[in-house]
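This is target_6.pdb. It holds PDB, C-alpha atoms.
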ATOM      1  CA  MET A 147     -16.994 -57.260  60.173
ATOM      2  CA  PRO A 148     -15.272 -59.478  62.791
ATOM      3  CA  LEU A 149     -15.898 -58.428  66.385
ATOM      4  CA  SER A 150     -12.153 -57.974  66.870
ATOM      5  CA  ALA A 151     -12.071 -55.398  64.059
ATOM      6  CA  LEU A 152     -15.152 -53.639  65.429
ATOM      7  CA  ALA A 153     -13.576 -53.457  68.897
ATOM      8  CA  LEU A 154     -10.410 -51.937  67.405
ATOM      9  CA  VAL A 155     -12.445 -49.322  65.537
ATOM     10  CA  VAL A 156     -14.544 -48.351  68.578
ATOM     11  CA  LEU A 157     -11.444 -47.985  70.774
ATOM     12  CA  ALA A 158      -9.768 -45.984  67.995
ATOM     13  CA  GLY A 159     -12.833 -43.738  67.825
ATOM     14  CA  LEU A 160     -12.643 -42.869  71.520
ATOM     15  CA  ILE A 161      -8.914 -42.113  71.293
ATOM     16  CA  HIS A 162      -9.408 -40.123  68.087
ATOM     17  CA  ALA A 163     -12.109 -37.911  69.567
ATOM     18  CA  SER A 164      -9.987 -37.307  72.672
ATOM     19  CA  TRP A 165      -6.870 -36.118  70.856
ATOM     20  CA  ASN A 166      -8.986 -33.913  68.588
ATOM     21  CA  ILE A 167     -10.218 -32.088  71.691
ATOM     22  CA  ALA A 168      -6.587 -31.502  72.682
ATOM     23  CA  ALA A 169      -5.875 -30.192  69.161
ATOM     24  CA  LYS A 170      -8.873 -27.876  69.402
ATOM     25  CA  LYS A 171      -7.664 -26.508  72.753
ATOM     26  CA  ALA A 172      -4.181 -25.920  71.344
ATOM     27  CA  GLY A 173      -5.524 -23.560  68.674
ATOM     28  CA  GLY A 174      -2.361 -24.210  66.678
ATOM     29  CA  ASP A 175      -1.291 -23.845  63.067
ATOM     30  CA  VAL A 176       1.229 -25.675  60.868
ATOM     31  CA  ARG A 177       3.854 -25.334  63.614
ATOM     32  CA  PHE A 178       1.646 -27.352  65.940
ATOM     33  CA  VAL A 179       1.505 -30.054  63.263
ATOM     34  CA  ALA A 180       5.311 -30.051  63.265
ATOM     35  CA  PHE A 181       5.413 -30.262  67.087
ATOM     36  CA  THR A 182       3.175 -33.334  67.079
ATOM     37  CA  SER A 183       5.270 -34.958  64.341
ATOM     38  CA  VAL A 184       8.458 -34.482  66.373
ATOM     39  CA  VAL A 185       6.782 -35.947  69.465
ATOM     40  CA  LEU A 186       5.511 -38.910  67.442
ATOM     41  CA  MET A 187       8.952 -39.542  65.941
ATOM     42  CA  LEU A 188      10.751 -39.505  69.298
ATOM     43  CA  PHE A 189       8.193 -41.294  71.459
ATOM     44  CA  TRP A 190       7.488 -44.135  69.025
ATOM     45  CA  ALA A 191      11.080 -44.460  67.736
ATOM     46  CA  PRO A 192      11.804 -47.757  69.559
ATOM     47  CA  VAL A 193       8.806 -49.460  67.950
ATOM     48  CA  GLY A 194       9.148 -47.841  64.521
ATOM     49  CA  LEU A 195      12.895 -48.433  64.167
ATOM     50  CA  TRP A 196      12.754 -51.988  65.534
ATOM     51  CA  MET A 197      10.061 -53.016  63.044
ATOM     52  CA  GLY A 198      11.551 -50.910  60.255
ATOM     53  CA  TRP A 199      14.946 -52.562  60.607
ATOM     54  CA  GLN A 200      13.394 -55.831  59.481
ATOM     55  CA  GLN A 201      10.961 -54.682  56.785
ATOM     56  CA  VAL A 202      11.880 -51.295  55.291
ATOM     57  CA  PRO A 203      14.988 -52.532  53.400
ATOM     58  CA  ALA A 204      12.651 -54.650  51.269
ATOM     59  CA  TRP A 205      10.477 -51.677  50.258
ATOM     60  CA  GLY A 206      10.457 -50.617  46.616
ATOM     61  CA  LEU A 207       9.042 -47.703  44.622
ATOM     62  CA  LEU A 208       5.450 -48.756  45.323
ATOM     63  CA  GLU A 209       5.869 -48.806  49.099
ATOM     64  CA  TRP A 210       7.759 -45.508  49.271
ATOM     65  CA  GLY A 211       5.311 -43.916  46.837
ATOM     66  CA  LEU A 212       2.409 -44.894  49.094
ATOM     67  CA  VAL A 213       4.220 -43.527  52.155
ATOM     68  CA  LEU A 214       4.930 -40.231  50.359
ATOM     69  CA  ALA A 215       1.328 -39.854  49.157
ATOM     70  CA  SER A 216      -0.008 -40.662  52.623
ATOM     71  CA  ALA A 217       2.362 -38.166  54.256
ATOM     72  CA  LEU A 218       1.357 -35.299  51.968
ATOM     73  CA  LEU A 219      -2.357 -35.992  52.372
ATOM     74  CA  HIS A 220      -1.993 -36.154  56.164
ATOM     75  CA  ILE A 221      -0.151 -32.816  56.273
ATOM     76  CA  VAL A 222      -2.868 -30.984  54.365
ATOM     77  CA  TYR A 223      -5.582 -32.767  56.357
ATOM     78  CA  PHE A 224      -4.115 -31.709  59.696
ATOM     79  CA  ILE A 225      -3.503 -28.102  58.608
ATOM     80  CA  VAL A 226      -7.061 -27.713  57.312
ATOM     81  CA  LEU A 227      -8.478 -29.374  60.442
ATOM     82  CA  LEU A 228      -6.585 -27.040  62.793
ATOM     83  CA  ARG A 229      -7.613 -23.992  60.791
ATOM     84  CA  GLY A 230     -11.214 -25.125  61.066
ATOM     85  CA  TYR A 231     -10.853 -25.523  64.838
ATOM     86  CA  ARG A 232      -9.571 -21.949  65.090
ATOM     87  CA  GLN A 233     -12.523 -20.527  63.187
ATOM     88  CA  ALA A 234     -15.443 -22.752  64.221
ATOM     89  CA  ASP A 235     -16.715 -25.139  66.921
ATOM     90  CA  LEU A 236     -15.309 -28.657  67.251
ATOM     91  CA  THR A 237     -18.862 -30.020  67.439
ATOM     92  CA  VAL A 238     -19.429 -28.636  63.924
ATOM     93  CA  VAL A 239     -16.061 -29.257  62.242
ATOM     94  CA  TYR A 240     -15.290 -32.705  63.649
ATOM     95  CA  PRO A 241     -18.555 -34.542  62.808
ATOM     96  CA  LEU A 242     -18.671 -32.991  59.344
ATOM     97  CA  ALA A 243     -15.070 -33.985  58.711
ATOM     98  CA  ARG A 244     -15.608 -37.546  59.915
ATOM     99  CA  GLY A 245     -18.963 -37.984  58.192
ATOM    100  CA  SER A 246     -18.264 -36.432  54.810
ATOM    101  CA  GLY A 247     -15.475 -38.862  53.815
ATOM    102  CA  PRO A 248     -17.650 -41.983  53.390
ATOM    103  CA  LEU A 249     -20.436 -39.824  51.939
ATOM    104  CA  LEU A 250     -18.128 -38.329  49.280
ATOM    105  CA  SER A 251     -16.868 -41.791  48.327
ATOM    106  CA  SER A 252     -20.418 -43.063  47.888
ATOM    107  CA  MET A 253     -21.552 -40.066  45.847
ATOM    108  CA  VAL A 254     -18.589 -40.389  43.472
ATOM    109  CA  ALA A 255     -19.359 -44.089  43.003
ATOM    110  CA  ILE A 256     -23.032 -43.374  42.253
ATOM    111  CA  PHE A 257     -22.709 -40.409  39.912
ATOM    112  CA  PHE A 258     -19.376 -41.073  38.193
ATOM    113  CA  LEU A 259     -18.748 -44.819  38.402
ATOM    114  CA  GLY A 260     -22.281 -45.965  37.602
ATOM    115  CA  GLU A 261     -22.937 -47.820  40.857
ATOM    116  CA  GLN A 262     -26.571 -48.363  41.871
ATOM    117  CA  ILE A 263     -28.028 -46.916  45.054
ATOM    118  CA  THR A 264     -30.224 -49.145  47.215
ATOM    119  CA  SER A 265     -32.999 -47.975  49.496
ATOM    120  CA  LEU A 266     -30.662 -48.497  52.472
ATOM    121  CA  GLY A 267     -27.977 -46.439  50.742
ATOM    122  CA  LEU A 268     -30.491 -43.672  50.063
ATOM    123  CA  PHE A 269     -31.430 -43.734  53.748
ATOM    124  CA  GLY A 270     -27.737 -43.392  54.550
ATOM    125  CA  ILE A 271     -27.357 -40.305  52.375
ATOM    126  CA  LEU A 272     -30.468 -38.716  53.889
ATOM    127  CA  GLY A 273     -29.155 -39.541  57.372
ATOM    128  CA  VAL A 274     -25.866 -37.773  56.678
ATOM    129  CA  VAL A 275     -27.603 -34.727  55.189
ATOM    130  CA  GLY A 276     -30.007 -34.560  58.132
ATOM    131  CA  GLY A 277     -27.154 -34.931  60.591
ATOM    132  CA  VAL A 278     -25.233 -32.135  58.889
ATOM    133  CA  PHE A 279     -28.292 -29.904  59.184
ATOM    134  CA  LEU A 280     -28.660 -30.610  62.914
ATOM    135  CA  ILE A 281     -24.959 -30.151  63.669
ATOM    136  CA  ALA A 282     -24.895 -26.883  61.751
ATOM    137  CA  GLY A 283     -27.648 -25.567  63.999
ATOM    138  CA  GLY A 284     -30.836 -27.338  63.002
ATOM    139  CA  PRO A 285     -34.007 -25.213  63.093
ATOM    140  CA  GLY A 286     -31.958 -22.555  64.848
ATOM    141  CA  LEU A 287     -30.178 -21.923  61.535
ATOM    142  CA  TRP A 288     -32.989 -19.620  60.487
ATOM    143  CA  GLN A 289     -32.497 -17.568  63.627
ATOM    144  CA  ALA A 290     -28.715 -17.691  63.373
ATOM    145  CA  ALA A 291     -28.971 -16.399  59.807
ATOM    146  CA  GLN A 292     -29.901 -13.033  61.293
ATOM    147  CA  ASP A 293     -26.688 -12.961  63.353
ATOM    148  CA  PRO A 294     -23.692 -12.304  61.068
ATOM    149  CA  GLU A 295     -21.154 -13.641  63.578
ATOM    150  CA  LYS A 296     -22.978 -16.951  64.138
ATOM    151  CA  LYS A 297     -23.643 -17.299  60.429
ATOM    152  CA  ALA A 298     -19.958 -16.845  59.557
ATOM    153  CA  ARG A 299     -18.892 -19.340  62.223
ATOM    154  CA  VAL A 300     -21.333 -21.990  61.013
ATOM    155  CA  ARG A 301     -20.272 -21.473  57.386
ATOM    156  CA  ALA A 302     -16.617 -21.767  58.346
ATOM    157  CA  GLY A 303     -17.331 -25.001  60.225
ATOM    158  CA  ILE A 304     -19.184 -26.503  57.263
ATOM    159  CA  PHE A 305     -16.457 -25.499  54.793
ATOM    160  CA  TYR A 306     -13.486 -26.749  56.808
ATOM    161  CA  GLY A 307     -15.316 -29.878  57.933
ATOM    162  CA  GLY A 308     -16.118 -30.772  54.333
ATOM    163  CA  VAL A 309     -12.610 -30.117  53.018
ATOM    164  CA  THR A 310     -11.109 -32.103  55.883
ATOM    165  CA  GLY A 311     -13.445 -34.986  55.036
ATOM    166  CA  LEU A 312     -12.167 -34.956  51.458
ATOM    167  CA  PHE A 313      -8.600 -35.480  52.646
ATOM    168  CA  ILE A 314      -9.704 -38.109  55.176
ATOM    169  CA  ALA A 315     -11.287 -40.078  52.337
ATOM    170  CA  SER A 316      -8.116 -39.680  50.251
ATOM    171  CA  TYR A 317      -5.584 -40.846  52.817
ATOM    172  CA  THR A 318      -7.877 -43.672  53.958
ATOM    173  CA  VAL A 319      -7.903 -45.089  50.433
ATOM    174  CA  VAL A 320      -4.111 -44.742  50.083
ATOM    175  CA  ASP A 321      -3.333 -46.296  53.461
ATOM    176  CA  GLY A 322      -5.971 -48.987  53.013
ATOM    177  CA  TYR A 323      -4.290 -49.989  49.753
ATOM    178  CA  ALA A 324      -0.918 -50.029  51.520
ATOM    179  CA  VAL A 325      -1.962 -52.450  54.267
ATOM    180  CA  LYS A 326      -4.414 -54.616  52.276
ATOM    181  CA  VAL A 327      -2.830 -54.852  48.813
ATOM    182  CA  ALA A 328       0.839 -53.938  49.325
ATOM    183  CA  LEU A 329       0.768 -55.842  52.661
ATOM    184  CA  MET A 330       2.712 -53.150  54.498
ATOM    185  CA  SER A 331       2.810 -53.001  58.297
ATOM    186  CA  PRO A 332       0.241 -50.512  59.703
ATOM    187  CA  VAL A 333       2.804 -49.326  62.250
ATOM    188  CA  LEU A 334       5.401 -48.626  59.572
ATOM    189  CA  VAL A 335       2.919 -46.923  57.244
ATOM    190  CA  ASP A 336       2.125 -44.444  59.996
ATOM    191  CA  TYR A 337       5.602 -44.054  61.496
ATOM    192  CA  PHE A 338       7.561 -43.627  58.268
ATOM    193  CA  GLY A 339       4.782 -41.505  56.832
ATOM    194  CA  ASN A 340       5.371 -39.217  59.788
ATOM    195  CA  LEU A 341       9.120 -39.115  59.073
ATOM    196  CA  VAL A 342       8.354 -38.003  55.525
ATOM    197  CA  ARG A 343       5.948 -35.377  56.904
ATOM    198  CA  LEU A 344       8.748 -33.996  59.043
ATOM    199  CA  VAL A 345      10.885 -33.381  55.955
ATOM    200  CA  PHE A 346       8.244 -30.926  54.735
ATOM    201  CA  LEU A 347       7.411 -29.499  58.175
ATOM    202  CA  THR A 348      10.919 -28.859  59.544
ATOM    203  CA  PRO A 349      11.391 -25.516  57.693
ATOM    204  CA  THR A 350       8.452 -24.099  59.673
ATOM    205  CA  LEU A 351      10.360 -24.831  62.897
ATOM    206  CA  LEU A 352      13.571 -23.187  61.676
ATOM    207  CA  ARG A 353      12.071 -19.995  60.249
ATOM    208  CA  ASP A 354      11.705 -18.050  63.515
ATOM    209  CA  ARG A 355      13.252 -20.098  66.311
ATOM    210  CA  PRO A 356      12.526 -17.763  69.268
ATOM    211  CA  ALA A 357       8.840 -17.561  68.288
ATOM    212  CA  VAL A 358       8.682 -21.313  67.703
ATOM    213  CA  TRP A 359      10.222 -22.022  71.113
ATOM    214  CA  ALA A 360       7.742 -19.691  72.825
ATOM    215  CA  LEU A 361       4.892 -21.403  70.999
ATOM    216  CA  TRP A 362       6.217 -24.842  72.008
ATOM    217  CA  LEU A 363       6.228 -23.855  75.674
ATOM    218  CA  GLN A 364       2.629 -22.735  75.283
ATOM    219  CA  GLN A 365       1.358 -25.762  73.347
ATOM    220  CA  LYS A 366       3.630 -28.607  74.450
ATOM    221  CA  ARG A 367       1.029 -30.287  76.668
ATOM    222  CA  TYR A 368      -1.404 -30.602  73.772
ATOM    223  CA  ALA A 369       1.358 -31.540  71.324
ATOM    224  CA  LEU A 370       2.400 -34.406  73.605
ATOM    225  CA  ILE A 371      -1.171 -35.706  73.778
ATOM    226  CA  VAL A 372      -1.686 -35.554  70.012
ATOM    227  CA  GLY A 373       1.787 -36.863  69.128
ATOM    228  CA  ILE A 374       1.531 -39.855  71.457
ATOM    229  CA  PHE A 375      -2.102 -40.874  71.033
ATOM    230  CA  SER A 376      -3.030 -39.951  67.456
ATOM    231  CA  PRO A 377      -0.884 -42.716  65.916
ATOM    232  CA  VAL A 378      -2.446 -45.252  68.287
ATOM    233  CA  SER A 379      -5.960 -44.507  67.049
ATOM    234  CA  TYR A 380      -4.960 -44.660  63.392
ATOM    235  CA  VAL A 381      -2.805 -47.782  63.644
ATOM    236  CA  LEU A 382      -5.731 -49.573  65.318
ATOM    237  CA  VAL A 383      -7.867 -48.670  62.287
ATOM    238  CA  LEU A 384      -5.194 -49.918  59.880
ATOM    239  CA  TYR A 385      -5.020 -53.230  61.733
ATOM    240  CA  ALA A 386      -8.813 -53.465  61.462
ATOM    241  CA  LEU A 387      -8.469 -52.889  57.702
ATOM    242  CA  GLN A 388      -6.298 -55.977  57.451
ATOM    243  CA  VAL A 389      -9.148 -58.249  58.590
ATOM    244  CA  ALA A 390     -12.262 -56.352  57.426
ATOM    245  CA  PRO A 391     -13.375 -54.571  54.212
ATOM    246  CA  LEU A 392     -12.538 -50.880  53.891
ATOM    247  CA  SER A 393     -16.192 -50.206  53.012
ATOM    248  CA  HIS A 394     -17.120 -51.455  56.493
ATOM    249  CA  VAL A 395     -14.246 -50.035  58.510
ATOM    250  CA  ALA A 396     -14.427 -46.498  57.098
ATOM    251  CA  PRO A 397     -18.100 -45.989  58.023
ATOM    252  CA  ALA A 398     -17.666 -47.721  61.380
ATOM    253  CA  ARG A 399     -14.979 -45.176  62.294
ATOM    254  CA  GLU A 400     -17.714 -42.573  62.504
ATOM    255  CA  VAL A 401     -18.526 -43.792  66.003
ATOM    256  CA  SER A 402     -15.835 -41.284  66.978
ATOM    257  CA  MET A 403     -18.331 -38.517  66.167
ATOM    258  CA  LEU A 404     -20.530 -39.602  69.047
ATOM    259  CA  PHE A 405     -17.607 -39.354  71.453
ATOM    260  CA  ALA A 406     -16.625 -35.968  70.015
ATOM    261  CA  ALA A 407     -20.147 -34.581  70.298
ATOM    262  CA  LEU A 408     -20.394 -35.705  73.926
ATOM    263  CA  LEU A 409     -16.878 -34.829  75.055
ATOM    264  CA  GLY A 410     -16.566 -31.679  72.961
ATOM    265  CA  GLY A 411     -19.758 -30.152  74.265
ATOM    266  CA  HIS A 412     -18.908 -31.006  77.870
ATOM    267  CA  LEU A 413     -15.205 -30.147  77.962
ATOM    268  CA  LEU A 414     -15.210 -27.183  75.600
ATOM    269  CA  GLY A 415     -18.479 -25.648  76.769
ATOM    270  CA  GLU A 416     -19.884 -25.462  73.240
ATOM    271  CA  LYS A 417     -23.610 -24.716  73.114
ATOM    272  CA  ASP A 418     -26.514 -26.539  71.429
ATOM    273  CA  ARG A 419     -25.177 -29.928  72.440
ATOM    274  CA  GLY A 420     -28.532 -31.684  72.050
ATOM    275  CA  PRO A 421     -29.049 -31.065  68.314
ATOM    276  CA  ARG A 422     -25.376 -31.697  67.595
ATOM    277  CA  ILE A 423     -25.377 -35.043  69.395
ATOM    278  CA  ALA A 424     -28.549 -35.988  67.519
ATOM    279  CA  GLY A 425     -26.843 -34.918  64.298
ATOM    280  CA  ALA A 426     -23.787 -37.033  65.095
ATOM    281  CA  VAL A 427     -26.057 -40.044  65.692
ATOM    282  CA  LEU A 428     -27.781 -39.464  62.354
ATOM    283  CA  ILE A 429     -24.478 -39.155  60.486
ATOM    284  CA  ALA A 430     -23.134 -42.296  62.158
ATOM    285  CA  ALA A 431     -26.283 -44.216  61.226
ATOM    286  CA  GLY A 432     -26.131 -42.846  57.697
ATOM    287  CA  VAL A 433     -22.525 -43.788  56.985
ATOM    288  CA  MET A 434     -23.071 -47.240  58.509
ATOM    289  CA  ALA A 435     -25.994 -47.707  56.118
ATOM    290  CA  LEU A 436     -23.769 -46.636  53.223
ATOM    291  CA  GLY A 437     -21.140 -49.126  54.343
ATOM    292  CA  TRP A 438     -23.679 -51.944  54.442
TER     293      TRP A 438
END
Now that the file is in, can you turn its structure into structure tokens?
Amino acid sequence: MPLSALALVVLAGLIHASWNIAAKKAGGDVRFVAFTSVVLMLFWAPVGLWMGWQQVPAWGLLEWGLVLASALLHIVYFIVLLRGYRQADLTVVYPLARGSGPLLSSMVAIFFLGEQITSLGLFGILGVVGGVFLIAGGPGLWQAAQDPEKKARVRAGIFYGGVTGLFIASYTVVDGYAVKVALMSPVLVDYFGNLVRLVFLTPTLLRDRPAVWALWLQQKRYALIVGIFSPVSYVLVLYALQVAPLSHVAPAREVSMLFAALLGGHLLGEKDRGPRIAGAVLIAAGVMALGW
């Protein structure tokens, strides 16, 4: 991977972890997803419309089909992620979500596509599994199993983290194809994908306007952070995909888990930071090994 691509991915990881903390603090639902989409549309309109004016008229069925698929996958991803944040700790949901995507891709390739696993790849899988165990509570899991509340919270974190990872893997493949094979602009893939998302999300804003307005006043600070900064982190990754293989970029993105484990534990006051940071390191090492 070129150093320029690696630098883009590391910077994207820091930004990604930061806006996820804002999303966790918001405690929102699908309406929060709509808020962030509106913010993204308005704030980045000058860039999106200026670039789109030159390139979008040349798009055909392939390009619009990729944008539609990406938009739908992103909607479900964000809704599942926010639901996980409401029911479990960020330092459980986020690393599992970020780490399970590359792991799922590798497992499918091994068991269904007939690819061979190397010793380094096996180490990667074991690293991810070990990291999941530590993030979920490590040795303390046996003790937590006696506490129904802790047990339910850990299970919820594992479930939502894993499902979120599935959608991360899906939209990464779609968007990677868009920028590497269809040669679409990373900025336009994200911006026009967001416009398509808004078509599906707008009814949630019109259903109960007084309640939506009250919720906006409560969550607007976090919606502004997510709407402005989340596209930056993802567009940086898409630009990295243009100059480096997806199999390298996708695992390298997991550096964001280290930032999330550090920042999430400190800013959100979540307990057991030590094992979770160690788990994030293991998952990051594991997915990097899978990528190599």
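Considering only C-alpha atoms, the residue among A:Val184, A:Leu363, A:Val239, A:Leu382 positioned nearest to A:Ile167 is A:Val239.
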Residues in the PyMOL selection byres ((chain A and resi 318) around 10), expressed as a PyMOL selection string: chain A and resi 216+219-220+247-248+313-317+319-324+380+383-384+387+392+396
What would the file look like if the residues just selected were written as a CSV table (one decimal), keeping the file's coordinate frame with C-alpha atoms?
chain,number,residue,atom,x,y,z
A,216,SER,CA,0.0,-40.7,52.6
A,219,LEU,CA,-2.4,-36.0,52.4
A,220,HIS,CA,-2.0,-36.2,56.2
A,247,GLY,CA,-15.5,-38.9,53.8
A,248,PRO,CA,-17.6,-42.0,53.4
A,313,PHE,CA,-8.6,-35.5,52.6
A,314,ILE,CA,-9.7,-38.1,55.2
A,315,ALA,CA,-11.3,-40.1,52.3
A,316,SER,CA,-8.1,-39.7,50.3
A,317,TYR,CA,-5.6,-40.8,52.8
A,319,VAL,CA,-7.9,-45.1,50.4
A,320,VAL,CA,-4.1,-44.7,50.1
A,321,ASP,CA,-3.3,-46.3,53.5
A,322,GLY,CA,-6.0,-49.0,53.0
A,323,TYR,CA,-4.3,-50.0,49.8
A,324,ALA,CA,-0.9,-50.0,51.5
A,380,TYR,CA,-5.0,-44.7,63.4
A,383,VAL,CA,-7.9,-48.7,62.3
A,384,LEU,CA,-5.2,-49.9,59.9
A,387,LEU,CA,-8.5,-52.9,57.7
A,392,LEU,CA,-12.5,-50.9,53.9
A,396,ALA,CA,-14.4,-46.5,57.1
Expected residue set, 9 Å radius at (-17.9, -22.4, 59.7), only C-alpha atoms, as a ChimeraX atom specification: /A:230,233-235,238-239,282,296-307
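Shortest separation to A:Leu242 among A:Val327, A:Val342, A:Leu361, A:Ala426 occurs at residue A:Ala426, atoms counted being all atoms listed in the file.
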Hits of the PyMOL selection byres ((chain A and resi 149-155) around 6) in this structure, as a count of residues only: 8
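For the residues A:Leu218, A:Leu236, A:Val389, A:Ala424, ranking by smallest atom-to-atom distance to A:Leu329 using only C-alpha atoms places A:Val389 first.
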Contact residues around A:Val176 with all atoms listed in the file at 10 Å, ignoring same-chain residues under 4 positions, as a PyMOL selection string: chain A and resi 180-181+221-222+224-226+228-229+347+350-351
